[in-house]
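The structure file model.txt is reproduced below (compact mmCIF, N, CA and C atoms).
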```txt
# COMPACT_ATOMS: atom_id res chain seq x y z
N LEU A 722 -15.64 -14.55 -14.82
CA LEU A 722 -14.67 -14.83 -13.78
C LEU A 722 -14.22 -13.49 -13.19
N VAL A 723 -14.25 -13.40 -11.87
CA VAL A 723 -13.87 -12.16 -11.19
C VAL A 723 -12.57 -12.39 -10.43
N VAL A 724 -11.57 -11.54 -10.67
CA VAL A 724 -10.28 -11.62 -9.99
C VAL A 724 -10.10 -10.37 -9.14
N TYR A 725 -9.85 -10.61 -7.87
CA TYR A 725 -9.56 -9.54 -6.90
C TYR A 725 -8.04 -9.37 -6.88
N ILE A 726 -7.56 -8.15 -7.05
CA ILE A 726 -6.11 -7.90 -7.05
C ILE A 726 -5.72 -7.17 -5.77
N SER A 727 -4.85 -7.81 -5.00
CA SER A 727 -4.29 -7.24 -3.78
C SER A 727 -2.92 -6.66 -4.11
N HIS A 728 -2.67 -5.44 -3.66
CA HIS A 728 -1.39 -4.79 -3.96
C HIS A 728 -1.05 -3.83 -2.84
N ASP A 729 0.17 -3.36 -2.82
CA ASP A 729 0.55 -2.36 -1.82
C ASP A 729 0.73 -1.00 -2.48
N TRP A 730 0.72 0.01 -1.64
CA TRP A 730 0.83 1.39 -2.09
C TRP A 730 2.22 1.90 -1.72
N THR A 731 3.26 1.32 -2.27
CA THR A 731 4.62 1.71 -1.89
C THR A 731 5.16 2.86 -2.73
N ALA A 732 4.54 3.15 -3.85
CA ALA A 732 4.97 4.30 -4.66
C ALA A 732 4.56 5.59 -3.94
N VAL A 733 5.25 6.66 -4.26
CA VAL A 733 4.90 7.98 -3.70
C VAL A 733 4.76 8.99 -4.82
N ASP A 734 3.88 9.96 -4.61
CA ASP A 734 3.72 11.00 -5.63
C ASP A 734 4.68 12.16 -5.37
N SER A 735 4.54 13.23 -6.11
CA SER A 735 5.48 14.36 -6.00
C SER A 735 5.41 15.06 -4.64
N THR A 736 4.33 14.86 -3.90
CA THR A 736 4.21 15.48 -2.57
C THR A 736 4.69 14.54 -1.46
N GLY A 737 5.06 13.31 -1.84
CA GLY A 737 5.51 12.36 -0.85
C GLY A 737 4.40 11.50 -0.28
N SER A 738 3.18 11.67 -0.79
CA SER A 738 2.03 10.87 -0.34
C SER A 738 2.00 9.53 -1.06
N PRO A 739 1.38 8.52 -0.43
CA PRO A 739 1.27 7.22 -1.12
C PRO A 739 0.56 7.37 -2.46
N ALA A 740 1.04 6.65 -3.44
CA ALA A 740 0.46 6.72 -4.79
C ALA A 740 0.14 5.32 -5.28
N VAL A 741 -0.79 5.25 -6.20
CA VAL A 741 -1.21 3.97 -6.77
C VAL A 741 -0.07 3.34 -7.57
N ASP A 742 0.65 4.16 -8.32
CA ASP A 742 1.68 3.63 -9.21
C ASP A 742 2.84 4.61 -9.27
N ASP A 743 3.94 4.16 -9.83
CA ASP A 743 5.09 5.05 -9.98
C ASP A 743 4.98 5.81 -11.30
N ALA A 744 5.93 6.69 -11.54
CA ALA A 744 5.90 7.54 -12.75
C ALA A 744 5.99 6.74 -14.04
N LYS A 745 6.55 5.54 -13.98
CA LYS A 745 6.68 4.69 -15.18
C LYS A 745 5.48 3.78 -15.39
N ASN A 746 4.46 3.90 -14.53
CA ASN A 746 3.28 3.03 -14.60
C ASN A 746 3.64 1.55 -14.51
N SER A 747 4.62 1.24 -13.69
CA SER A 747 5.10 -0.14 -13.56
C SER A 747 4.00 -1.09 -13.09
N LYS A 748 3.18 -0.66 -12.14
CA LYS A 748 2.12 -1.53 -11.63
C LYS A 748 1.07 -1.80 -12.70
N ARG A 749 0.66 -0.76 -13.42
CA ARG A 749 -0.33 -0.94 -14.48
C ARG A 749 0.18 -1.92 -15.53
N LYS A 750 1.44 -1.80 -15.91
CA LYS A 750 2.02 -2.70 -16.91
C LYS A 750 2.08 -4.13 -16.37
N ARG A 751 2.42 -4.26 -15.12
CA ARG A 751 2.50 -5.58 -14.49
C ARG A 751 1.12 -6.24 -14.42
N ILE A 752 0.10 -5.46 -14.07
CA ILE A 752 -1.26 -5.99 -14.03
C ILE A 752 -1.72 -6.38 -15.42
N ALA A 753 -1.41 -5.56 -16.42
CA ALA A 753 -1.79 -5.87 -17.80
C ALA A 753 -1.15 -7.18 -18.26
N LYS A 754 0.12 -7.38 -17.93
CA LYS A 754 0.81 -8.62 -18.30
C LYS A 754 0.21 -9.82 -17.57
N PHE A 755 -0.10 -9.63 -16.28
CA PHE A 755 -0.77 -10.69 -15.52
C PHE A 755 -2.10 -11.07 -16.18
N ILE A 756 -2.90 -10.07 -16.55
CA ILE A 756 -4.20 -10.35 -17.17
C ILE A 756 -4.00 -11.13 -18.46
N GLU A 757 -3.04 -10.73 -19.26
CA GLU A 757 -2.73 -11.44 -20.51
C GLU A 757 -2.38 -12.90 -20.21
N ASN A 758 -1.49 -13.12 -19.25
CA ASN A 758 -1.09 -14.49 -18.88
C ASN A 758 -2.25 -15.28 -18.30
N PHE A 759 -3.06 -14.64 -17.48
CA PHE A 759 -4.19 -15.31 -16.83
C PHE A 759 -5.23 -15.73 -17.87
N LEU A 760 -5.54 -14.85 -18.79
CA LEU A 760 -6.50 -15.18 -19.85
C LEU A 760 -6.00 -16.37 -20.67
N TYR A 761 -4.72 -16.38 -20.97
CA TYR A 761 -4.14 -17.49 -21.72
C TYR A 761 -4.23 -18.80 -20.92
N LEU A 762 -3.87 -18.74 -19.64
CA LEU A 762 -3.91 -19.93 -18.79
C LEU A 762 -5.32 -20.49 -18.67
N LYS A 763 -6.29 -19.62 -18.49
CA LYS A 763 -7.68 -20.05 -18.30
C LYS A 763 -8.43 -20.23 -19.61
N THR A 764 -7.78 -19.96 -20.74
CA THR A 764 -8.40 -19.99 -22.07
C THR A 764 -9.72 -19.22 -22.08
N LEU A 765 -9.63 -17.98 -21.64
CA LEU A 765 -10.79 -17.09 -21.59
C LEU A 765 -10.62 -15.93 -22.55
N GLY A 766 -11.73 -15.43 -23.01
CA GLY A 766 -11.73 -14.18 -23.75
C GLY A 766 -11.77 -13.03 -22.77
N VAL A 767 -11.27 -11.88 -23.15
CA VAL A 767 -11.22 -10.73 -22.26
C VAL A 767 -12.63 -10.33 -21.80
N ASP A 768 -13.65 -10.63 -22.58
CA ASP A 768 -15.02 -10.29 -22.20
C ASP A 768 -15.56 -11.16 -21.07
N LYS A 769 -14.83 -12.18 -20.65
CA LYS A 769 -15.26 -13.09 -19.58
C LYS A 769 -14.51 -12.82 -18.27
N LEU A 770 -13.68 -11.78 -18.24
CA LEU A 770 -12.86 -11.50 -17.06
C LEU A 770 -13.21 -10.12 -16.50
N TYR A 771 -13.41 -10.08 -15.19
CA TYR A 771 -13.66 -8.84 -14.48
C TYR A 771 -12.61 -8.70 -13.40
N ILE A 772 -12.09 -7.50 -13.24
CA ILE A 772 -11.03 -7.24 -12.26
C ILE A 772 -11.60 -6.34 -11.16
N TRP A 773 -11.34 -6.73 -9.91
CA TRP A 773 -11.68 -5.88 -8.76
C TRP A 773 -10.36 -5.41 -8.16
N ILE A 774 -10.15 -4.10 -8.19
CA ILE A 774 -8.94 -3.52 -7.60
C ILE A 774 -9.36 -2.24 -6.89
N ASP A 775 -8.88 -2.05 -5.68
CA ASP A 775 -9.39 -0.99 -4.83
C ASP A 775 -9.39 0.40 -5.46
N TYR A 776 -8.31 0.80 -6.10
CA TYR A 776 -8.25 2.18 -6.56
C TYR A 776 -9.20 2.50 -7.71
N SER A 777 -9.77 1.50 -8.34
CA SER A 777 -10.76 1.79 -9.37
C SER A 777 -12.17 1.32 -8.99
N CYS A 778 -12.30 0.58 -7.89
CA CYS A 778 -13.61 0.04 -7.51
C CYS A 778 -14.17 0.63 -6.22
N LEU A 779 -13.42 1.43 -5.51
CA LEU A 779 -13.90 2.08 -4.29
C LEU A 779 -14.10 3.56 -4.53
N GLU A 780 -15.03 4.15 -3.80
CA GLU A 780 -15.27 5.58 -3.85
C GLU A 780 -14.31 6.26 -2.89
N TRP A 781 -13.29 6.93 -3.41
CA TRP A 781 -12.24 7.50 -2.58
C TRP A 781 -12.54 8.91 -2.09
N ASP A 782 -13.48 9.60 -2.71
CA ASP A 782 -13.72 11.00 -2.37
C ASP A 782 -14.68 11.18 -1.19
N ALA A 783 -15.44 10.17 -0.85
CA ALA A 783 -16.41 10.28 0.25
C ALA A 783 -15.96 9.36 1.38
N LYS A 784 -15.42 9.94 2.45
CA LYS A 784 -14.82 9.16 3.55
C LYS A 784 -15.82 8.17 4.17
N ALA A 785 -17.07 8.58 4.39
CA ALA A 785 -18.05 7.69 5.03
C ALA A 785 -18.31 6.48 4.14
N ILE A 786 -18.42 6.70 2.85
CA ILE A 786 -18.64 5.59 1.92
C ILE A 786 -17.41 4.70 1.88
N LEU A 787 -16.23 5.29 1.87
CA LEU A 787 -14.99 4.52 1.84
C LEU A 787 -14.89 3.60 3.06
N HIS A 788 -15.23 4.11 4.24
CA HIS A 788 -15.18 3.28 5.45
C HIS A 788 -16.17 2.13 5.36
N ALA A 789 -17.36 2.38 4.84
CA ALA A 789 -18.35 1.32 4.68
C ALA A 789 -17.86 0.27 3.67
N GLN A 790 -17.24 0.73 2.60
CA GLN A 790 -16.73 -0.21 1.60
C GLN A 790 -15.61 -1.06 2.18
N ARG A 791 -14.75 -0.47 2.99
CA ARG A 791 -13.67 -1.24 3.62
C ARG A 791 -14.26 -2.29 4.56
N ALA A 792 -15.33 -1.95 5.26
CA ALA A 792 -15.98 -2.92 6.15
C ALA A 792 -16.58 -4.08 5.35
N ALA A 793 -16.87 -3.84 4.08
CA ALA A 793 -17.46 -4.87 3.22
C ALA A 793 -16.42 -5.74 2.51
N MET A 794 -15.14 -5.56 2.84
CA MET A 794 -14.08 -6.31 2.15
C MET A 794 -14.32 -7.82 2.14
N PRO A 795 -14.76 -8.43 3.26
CA PRO A 795 -15.01 -9.88 3.20
C PRO A 795 -16.03 -10.25 2.12
N LEU A 796 -17.02 -9.40 1.91
CA LEU A 796 -18.01 -9.68 0.87
C LEU A 796 -17.40 -9.61 -0.52
N TYR A 797 -16.56 -8.61 -0.75
CA TYR A 797 -15.89 -8.51 -2.04
C TYR A 797 -15.04 -9.76 -2.30
N LEU A 798 -14.32 -10.18 -1.27
CA LEU A 798 -13.47 -11.37 -1.41
C LEU A 798 -14.28 -12.63 -1.64
N MET A 799 -15.43 -12.74 -0.99
CA MET A 799 -16.29 -13.92 -1.17
C MET A 799 -16.84 -14.00 -2.59
N CYS A 800 -17.06 -12.85 -3.19
CA CYS A 800 -17.65 -12.81 -4.53
C CYS A 800 -16.65 -13.08 -5.64
N CYS A 801 -15.37 -13.05 -5.33
CA CYS A 801 -14.35 -13.23 -6.36
C CYS A 801 -14.03 -14.70 -6.56
N ASP A 802 -13.75 -15.05 -7.81
CA ASP A 802 -13.36 -16.42 -8.13
C ASP A 802 -11.89 -16.67 -7.83
N GLU A 803 -11.07 -15.66 -7.97
CA GLU A 803 -9.63 -15.77 -7.73
C GLU A 803 -9.13 -14.53 -7.01
N VAL A 804 -8.06 -14.69 -6.27
CA VAL A 804 -7.36 -13.55 -5.66
C VAL A 804 -5.93 -13.59 -6.18
N ALA A 805 -5.49 -12.46 -6.71
CA ALA A 805 -4.11 -12.34 -7.16
C ALA A 805 -3.45 -11.26 -6.31
N PHE A 806 -2.25 -11.55 -5.83
CA PHE A 806 -1.54 -10.51 -5.09
C PHE A 806 -0.24 -10.20 -5.78
N LEU A 807 0.02 -8.90 -5.91
CA LEU A 807 1.23 -8.43 -6.58
C LEU A 807 2.39 -8.56 -5.60
N SER A 808 3.20 -9.56 -5.82
CA SER A 808 4.32 -9.84 -4.93
C SER A 808 5.27 -8.65 -4.89
N SER A 809 5.70 -8.32 -3.66
CA SER A 809 6.67 -7.22 -3.47
C SER A 809 7.37 -7.47 -2.14
N PRO A 810 8.47 -6.78 -1.90
CA PRO A 810 9.17 -6.97 -0.62
C PRO A 810 8.32 -6.57 0.59
N THR A 811 7.31 -5.74 0.40
CA THR A 811 6.54 -5.24 1.54
C THR A 811 5.12 -5.78 1.65
N ILE A 812 4.61 -6.44 0.63
CA ILE A 812 3.18 -6.79 0.64
C ILE A 812 2.77 -7.65 1.84
N LEU A 813 3.61 -8.58 2.24
CA LEU A 813 3.24 -9.43 3.36
C LEU A 813 3.68 -8.85 4.70
N LYS A 814 4.13 -7.60 4.68
CA LYS A 814 4.47 -6.90 5.92
C LYS A 814 3.42 -5.85 6.26
N GLN A 815 2.50 -5.62 5.34
CA GLN A 815 1.47 -4.62 5.56
C GLN A 815 0.19 -5.29 6.03
N SER A 816 -0.37 -4.77 7.11
CA SER A 816 -1.52 -5.42 7.73
C SER A 816 -2.71 -5.52 6.79
N TRP A 817 -2.93 -4.50 5.96
CA TRP A 817 -4.10 -4.55 5.06
C TRP A 817 -3.98 -5.72 4.08
N ASN A 818 -2.82 -5.90 3.48
CA ASN A 818 -2.63 -7.00 2.53
C ASN A 818 -2.72 -8.35 3.21
N MET A 819 -2.15 -8.44 4.40
CA MET A 819 -2.24 -9.70 5.14
C MET A 819 -3.70 -10.00 5.47
N LEU A 820 -4.47 -8.98 5.82
CA LEU A 820 -5.88 -9.16 6.11
C LEU A 820 -6.63 -9.66 4.88
N GLU A 821 -6.34 -9.10 3.71
CA GLU A 821 -7.00 -9.55 2.48
C GLU A 821 -6.75 -11.04 2.23
N LEU A 822 -5.50 -11.45 2.35
CA LEU A 822 -5.17 -12.86 2.11
C LEU A 822 -5.77 -13.76 3.19
N PHE A 823 -5.75 -13.31 4.42
CA PHE A 823 -6.35 -14.09 5.50
C PHE A 823 -7.85 -14.22 5.31
N LEU A 824 -8.52 -13.12 4.97
CA LEU A 824 -9.97 -13.18 4.75
C LEU A 824 -10.32 -14.12 3.61
N ARG A 825 -9.51 -14.11 2.58
CA ARG A 825 -9.74 -15.02 1.45
C ARG A 825 -9.68 -16.47 1.93
N TRP A 826 -8.69 -16.78 2.76
CA TRP A 826 -8.56 -18.13 3.29
C TRP A 826 -9.76 -18.47 4.17
N VAL A 827 -10.14 -17.53 5.05
CA VAL A 827 -11.24 -17.79 5.99
C VAL A 827 -12.55 -18.05 5.27
N VAL A 828 -12.88 -17.22 4.29
CA VAL A 828 -14.18 -17.38 3.63
C VAL A 828 -14.22 -18.59 2.71
N ARG A 829 -13.08 -19.18 2.40
CA ARG A 829 -13.06 -20.33 1.51
C ARG A 829 -12.73 -21.65 2.21
N ARG A 830 -12.56 -21.63 3.53
CA ARG A 830 -12.26 -22.86 4.25
C ARG A 830 -13.57 -23.49 4.74
N PRO A 831 -13.55 -24.76 5.16
CA PRO A 831 -14.76 -25.39 5.69
C PRO A 831 -15.30 -24.57 6.87
N PRO A 832 -16.59 -24.43 7.03
CA PRO A 832 -17.67 -25.07 6.28
C PRO A 832 -18.06 -24.34 5.00
N PHE A 833 -17.29 -23.31 4.64
CA PHE A 833 -17.59 -22.55 3.42
C PHE A 833 -16.76 -23.02 2.24
N ALA A 834 -16.14 -24.18 2.36
CA ALA A 834 -15.22 -24.66 1.34
C ALA A 834 -15.92 -24.80 -0.01
N PRO A 835 -15.18 -24.59 -1.09
CA PRO A 835 -15.76 -24.74 -2.42
C PRO A 835 -16.02 -26.21 -2.72
N PRO A 836 -16.91 -26.47 -3.66
CA PRO A 836 -17.12 -27.86 -4.06
C PRO A 836 -15.83 -28.47 -4.60
N GLN A 837 -15.75 -29.77 -4.60
CA GLN A 837 -14.55 -30.47 -5.05
C GLN A 837 -14.14 -30.08 -6.47
N ASP A 838 -15.11 -29.78 -7.31
CA ASP A 838 -14.79 -29.44 -8.69
C ASP A 838 -14.36 -27.97 -8.83
N ARG A 839 -14.32 -27.23 -7.73
CA ARG A 839 -13.93 -25.82 -7.79
C ARG A 839 -13.02 -25.48 -6.60
N PRO A 840 -11.75 -25.92 -6.65
CA PRO A 840 -10.85 -25.68 -5.52
C PRO A 840 -10.53 -24.19 -5.37
N PHE A 841 -10.10 -23.86 -4.19
CA PHE A 841 -9.73 -22.49 -3.84
C PHE A 841 -8.28 -22.25 -4.23
N SER A 842 -8.00 -21.12 -4.84
CA SER A 842 -6.62 -20.83 -5.22
C SER A 842 -6.32 -19.35 -5.04
N MET A 843 -5.04 -19.06 -5.00
CA MET A 843 -4.54 -17.68 -4.99
C MET A 843 -3.42 -17.62 -6.02
N VAL A 844 -3.24 -16.47 -6.59
CA VAL A 844 -2.22 -16.28 -7.62
C VAL A 844 -1.23 -15.22 -7.13
N ARG A 845 0.06 -15.56 -7.14
CA ARG A 845 1.09 -14.57 -6.83
C ARG A 845 1.62 -14.05 -8.17
N VAL A 846 1.60 -12.74 -8.33
CA VAL A 846 2.05 -12.11 -9.57
C VAL A 846 3.46 -11.56 -9.36
N GLY A 847 4.40 -12.05 -10.14
CA GLY A 847 5.80 -11.64 -10.02
C GLY A 847 6.04 -10.27 -10.63
N PRO A 848 7.27 -9.79 -10.54
CA PRO A 848 7.62 -8.44 -11.01
C PRO A 848 7.37 -8.21 -12.50
N THR A 849 7.39 -9.26 -13.30
CA THR A 849 7.19 -9.09 -14.75
C THR A 849 5.80 -9.50 -15.19
N GLY A 850 4.90 -9.79 -14.24
CA GLY A 850 3.56 -10.24 -14.58
C GLY A 850 3.46 -11.75 -14.64
N SER A 851 4.56 -12.46 -14.35
CA SER A 851 4.52 -13.92 -14.32
C SER A 851 3.65 -14.36 -13.14
N MET A 852 3.20 -15.62 -13.18
CA MET A 852 2.27 -16.09 -12.16
C MET A 852 2.73 -17.37 -11.51
N ASP A 853 2.42 -17.49 -10.22
CA ASP A 853 2.51 -18.74 -9.48
C ASP A 853 1.12 -18.96 -8.92
N MET A 854 0.51 -20.10 -9.21
CA MET A 854 -0.83 -20.37 -8.71
C MET A 854 -0.74 -21.38 -7.60
N PHE A 855 -1.39 -21.06 -6.49
CA PHE A 855 -1.46 -21.95 -5.35
C PHE A 855 -2.89 -22.43 -5.23
N THR A 856 -3.10 -23.74 -5.29
CA THR A 856 -4.44 -24.31 -5.25
C THR A 856 -4.61 -25.12 -3.98
N PHE A 857 -5.74 -24.92 -3.33
CA PHE A 857 -6.08 -25.63 -2.11
C PHE A 857 -7.42 -26.30 -2.31
N ALA A 858 -7.44 -27.62 -2.30
CA ALA A 858 -8.69 -28.36 -2.45
C ALA A 858 -9.21 -28.75 -1.08
N SER A 859 -10.52 -28.94 -0.99
CA SER A 859 -11.12 -29.40 0.26
C SER A 859 -10.76 -30.87 0.48
N ASP A 860 -10.64 -31.26 1.75
CA ASP A 860 -10.44 -32.67 2.05
C ASP A 860 -11.69 -33.44 1.70
N SER A 861 -11.52 -34.59 1.08
CA SER A 861 -12.67 -35.41 0.72
C SER A 861 -12.95 -36.44 1.79
N THR A 862 -12.14 -36.47 2.86
CA THR A 862 -12.33 -37.45 3.91
C THR A 862 -13.22 -36.92 5.00
```
The structure in this file should be written as structure tokens.
Amino acid sequence: LVVYISHDWTAVDSTGSPAVDDAKNSKRKRIAKFIENFLYLKTLGVDKLYIWIDYSCLEWDAKAILHAQRAAMPLYLMCCDEVAFLSSPTILKQSWNMLELFLRWVVRRPPFAPPQDRPFSMVRVGPTGSMDMFTFASDST
């Protein structure tokens, strides 16, 4: 099972530049708690779960490769079984995050809708790693 994690870069480093996480590693801890909860919910072993998250899955040092990888975002989203977004006051105000969620909806709607036995869902991850799952099934009519 592959889970794509959407998040914002609201933390800043010592130079004032956007950072992946804050000094307390709050995001890492939140993702770890989400993974623990998700594995429990899905009754999966950790060896059956793969996480796709931009800061560890994209090549950040080569600008040309990074641009090509960003252009491939719809493909990454299509390949994932679930999308989880780390809820925050700003995540739905940032165009990149909105694009990720919109692309997920687009690639999973008819005529690309999942089979009835595999509905499309998104997971909202709360501040403590808690989860809200939103499931969207295809119309059978």
Taking the backbone alone, and naming residues the way the document does, which bits of chain A are helix (DSSP H, G or I) by DSSP, as a compact mmCIF listing (two decimals) with N, CA and C atoms, keeping the file's coordinate frame?
```
# COMPACT_ATOMS: atom_id res chain seq x y z
N SER A 747 4.62 1.24 -13.69
CA SER A 747 5.10 -0.14 -13.56
C SER A 747 4.00 -1.09 -13.09
N LYS A 748 3.18 -0.66 -12.14
CA LYS A 748 2.12 -1.53 -11.63
C LYS A 748 1.07 -1.80 -12.70
N ARG A 749 0.66 -0.76 -13.42
CA ARG A 749 -0.33 -0.94 -14.48
C ARG A 749 0.18 -1.92 -15.53
N LYS A 750 1.44 -1.80 -15.91
CA LYS A 750 2.02 -2.70 -16.91
C LYS A 750 2.08 -4.13 -16.37
N ARG A 751 2.42 -4.26 -15.12
CA ARG A 751 2.50 -5.58 -14.49
C ARG A 751 1.12 -6.24 -14.42
N ILE A 752 0.10 -5.46 -14.07
CA ILE A 752 -1.26 -5.99 -14.03
C ILE A 752 -1.72 -6.38 -15.42
N ALA A 753 -1.41 -5.56 -16.42
CA ALA A 753 -1.79 -5.87 -17.80
C ALA A 753 -1.15 -7.18 -18.26
N LYS A 754 0.12 -7.38 -17.93
CA LYS A 754 0.81 -8.62 -18.30
C LYS A 754 0.21 -9.82 -17.57
N PHE A 755 -0.10 -9.63 -16.28
CA PHE A 755 -0.77 -10.69 -15.52
C PHE A 755 -2.10 -11.07 -16.18
N ILE A 756 -2.90 -10.07 -16.55
CA ILE A 756 -4.20 -10.35 -17.17
C ILE A 756 -4.00 -11.13 -18.46
N GLU A 757 -3.04 -10.73 -19.26
CA GLU A 757 -2.73 -11.44 -20.51
C GLU A 757 -2.38 -12.90 -20.21
N ASN A 758 -1.49 -13.12 -19.25
CA ASN A 758 -1.09 -14.49 -18.88
C ASN A 758 -2.25 -15.28 -18.30
N PHE A 759 -3.06 -14.64 -17.48
CA PHE A 759 -4.19 -15.31 -16.83
C PHE A 759 -5.23 -15.73 -17.87
N LEU A 760 -5.54 -14.85 -18.79
CA LEU A 760 -6.50 -15.18 -19.85
C LEU A 760 -6.00 -16.37 -20.67
N TYR A 761 -4.72 -16.38 -20.97
CA TYR A 761 -4.14 -17.49 -21.72
C TYR A 761 -4.23 -18.80 -20.92
N LEU A 762 -3.87 -18.74 -19.64
CA LEU A 762 -3.91 -19.93 -18.79
C LEU A 762 -5.32 -20.49 -18.67
N LYS A 763 -6.29 -19.62 -18.49
CA LYS A 763 -7.68 -20.05 -18.30
C LYS A 763 -8.43 -20.23 -19.61
N VAL A 767 -11.27 -11.88 -23.15
CA VAL A 767 -11.22 -10.73 -22.26
C VAL A 767 -12.63 -10.33 -21.80
N ASP A 768 -13.65 -10.63 -22.58
CA ASP A 768 -15.02 -10.29 -22.20
C ASP A 768 -15.56 -11.16 -21.07
N LYS A 769 -14.83 -12.18 -20.65
CA LYS A 769 -15.26 -13.09 -19.58
C LYS A 769 -14.51 -12.82 -18.27
N ASP A 775 -8.88 -2.05 -5.68
CA ASP A 775 -9.39 -0.99 -4.83
C ASP A 775 -9.39 0.40 -5.46
N TYR A 776 -8.31 0.80 -6.10
CA TYR A 776 -8.25 2.18 -6.56
C TYR A 776 -9.20 2.50 -7.71
N SER A 777 -9.77 1.50 -8.34
CA SER A 777 -10.76 1.79 -9.37
C SER A 777 -12.17 1.32 -8.99
N CYS A 778 -12.30 0.58 -7.89
CA CYS A 778 -13.61 0.04 -7.51
C CYS A 778 -14.17 0.63 -6.22
N LYS A 784 -15.42 9.94 2.45
CA LYS A 784 -14.82 9.16 3.55
C LYS A 784 -15.82 8.17 4.17
N ALA A 785 -17.07 8.58 4.39
CA ALA A 785 -18.05 7.69 5.03
C ALA A 785 -18.31 6.48 4.14
N ILE A 786 -18.42 6.70 2.85
CA ILE A 786 -18.64 5.59 1.92
C ILE A 786 -17.41 4.70 1.88
N LEU A 787 -16.23 5.29 1.87
CA LEU A 787 -14.99 4.52 1.84
C LEU A 787 -14.89 3.60 3.06
N HIS A 788 -15.23 4.11 4.24
CA HIS A 788 -15.18 3.28 5.45
C HIS A 788 -16.17 2.13 5.36
N ALA A 789 -17.36 2.38 4.84
CA ALA A 789 -18.35 1.32 4.68
C ALA A 789 -17.86 0.27 3.67
N GLN A 790 -17.24 0.73 2.60
CA GLN A 790 -16.73 -0.21 1.60
C GLN A 790 -15.61 -1.06 2.18
N ARG A 791 -14.75 -0.47 2.99
CA ARG A 791 -13.67 -1.24 3.62
C ARG A 791 -14.26 -2.29 4.56
N ALA A 792 -15.33 -1.95 5.26
CA ALA A 792 -15.98 -2.92 6.15
C ALA A 792 -16.58 -4.08 5.35
N MET A 794 -15.14 -5.56 2.84
CA MET A 794 -14.08 -6.31 2.15
C MET A 794 -14.32 -7.82 2.14
N PRO A 795 -14.76 -8.43 3.26
CA PRO A 795 -15.01 -9.88 3.20
C PRO A 795 -16.03 -10.25 2.12
N LEU A 796 -17.02 -9.40 1.91
CA LEU A 796 -18.01 -9.68 0.87
C LEU A 796 -17.40 -9.61 -0.52
N TYR A 797 -16.56 -8.61 -0.75
CA TYR A 797 -15.89 -8.51 -2.04
C TYR A 797 -15.04 -9.76 -2.30
N LEU A 798 -14.32 -10.18 -1.27
CA LEU A 798 -13.47 -11.37 -1.41
C LEU A 798 -14.28 -12.63 -1.64
N MET A 799 -15.43 -12.74 -0.99
CA MET A 799 -16.29 -13.92 -1.17
C MET A 799 -16.84 -14.00 -2.59
N CYS A 800 -17.06 -12.85 -3.19
CA CYS A 800 -17.65 -12.81 -4.53
C CYS A 800 -16.65 -13.08 -5.64
N ILE A 812 4.61 -6.44 0.63
CA ILE A 812 3.18 -6.79 0.64
C ILE A 812 2.77 -7.65 1.84
N LEU A 813 3.61 -8.58 2.24
CA LEU A 813 3.24 -9.43 3.36
C LEU A 813 3.68 -8.85 4.70
N LYS A 814 4.13 -7.60 4.68
CA LYS A 814 4.47 -6.90 5.92
C LYS A 814 3.42 -5.85 6.26
N SER A 816 -0.37 -4.77 7.11
CA SER A 816 -1.52 -5.42 7.73
C SER A 816 -2.71 -5.52 6.79
N TRP A 817 -2.93 -4.50 5.96
CA TRP A 817 -4.10 -4.55 5.06
C TRP A 817 -3.98 -5.72 4.08
N ASN A 818 -2.82 -5.90 3.48
CA ASN A 818 -2.63 -7.00 2.53
C ASN A 818 -2.72 -8.35 3.21
N MET A 819 -2.15 -8.44 4.40
CA MET A 819 -2.24 -9.70 5.14
C MET A 819 -3.70 -10.00 5.47
N LEU A 820 -4.47 -8.98 5.82
CA LEU A 820 -5.88 -9.16 6.11
C LEU A 820 -6.63 -9.66 4.88
N GLU A 821 -6.34 -9.10 3.71
CA GLU A 821 -7.00 -9.55 2.48
C GLU A 821 -6.75 -11.04 2.23
N LEU A 822 -5.50 -11.45 2.35
CA LEU A 822 -5.17 -12.86 2.11
C LEU A 822 -5.77 -13.76 3.19
N PHE A 823 -5.75 -13.31 4.42
CA PHE A 823 -6.35 -14.09 5.50
C PHE A 823 -7.85 -14.22 5.31
N LEU A 824 -8.52 -13.12 4.97
CA LEU A 824 -9.97 -13.18 4.75
C LEU A 824 -10.32 -14.12 3.61
N ARG A 825 -9.51 -14.11 2.58
CA ARG A 825 -9.74 -15.02 1.45
C ARG A 825 -9.68 -16.47 1.93
N TRP A 826 -8.69 -16.78 2.76
CA TRP A 826 -8.56 -18.13 3.29
C TRP A 826 -9.76 -18.47 4.17
N VAL A 827 -10.14 -17.53 5.05
CA VAL A 827 -11.24 -17.79 5.99
C VAL A 827 -12.55 -18.05 5.27
N VAL A 828 -12.88 -17.22 4.29
CA VAL A 828 -14.18 -17.38 3.63
C VAL A 828 -14.22 -18.59 2.71
N ARG A 829 -13.08 -19.18 2.40
CA ARG A 829 -13.06 -20.33 1.51
C ARG A 829 -12.73 -21.65 2.21
```
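With distances taken over all atoms listed in the file, A:Leu824 is the one residue among A:Leu813, A:Ile752, A:Leu824, A:Met854 lying closest to Met799 (chain A).
The two atoms in question, CA of Tyr725 (chain A) and atom C of Pro848 (chain A), are spaced 17.9 Å apart.
Going from CA of Trp730 (chain A) over to CA of Ile774 (chain A), you cover 12.2 Å.
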* **Residue neighbourhood region 753-762 of chain A, 6 Å, only N, CA and C atoms, exclusion window fewer than 5 positions, as a PyMOL selection string** => chain A and resi 748+849-851
Could you write those residues out with N, CA and C atoms, as a PDB file, in the frame of the given file?
```
ATOM      1  N   LYS A 748       3.180  -0.660 -12.140  1.00  0.00           N
ATOM      2  CA  LYS A 748       2.120  -1.530 -11.630  1.00  0.00           C
ATOM      3  C   LYS A 748       1.070  -1.800 -12.700  1.00  0.00           C
ATOM      4  N   THR A 849       7.390  -9.260 -13.300  1.00  0.00           N
ATOM      5  CA  THR A 849       7.190  -9.090 -14.750  1.00  0.00           C
ATOM      6  C   THR A 849       5.800  -9.500 -15.190  1.00  0.00           C
ATOM      7  N   GLY A 850       4.900  -9.790 -14.240  1.00  0.00           N
ATOM      8  CA  GLY A 850       3.560 -10.240 -14.580  1.00  0.00           C
ATOM      9  C   GLY A 850       3.460 -11.750 -14.640  1.00  0.00           C
ATOM     10  N   SER A 851       4.560 -12.460 -14.350  1.00  0.00           N
ATOM     11  CA  SER A 851       4.520 -13.920 -14.320  1.00  0.00           C
ATOM     12  C   SER A 851       3.650 -14.360 -13.140  1.00  0.00           C
TER      13      SER A 851
END
```
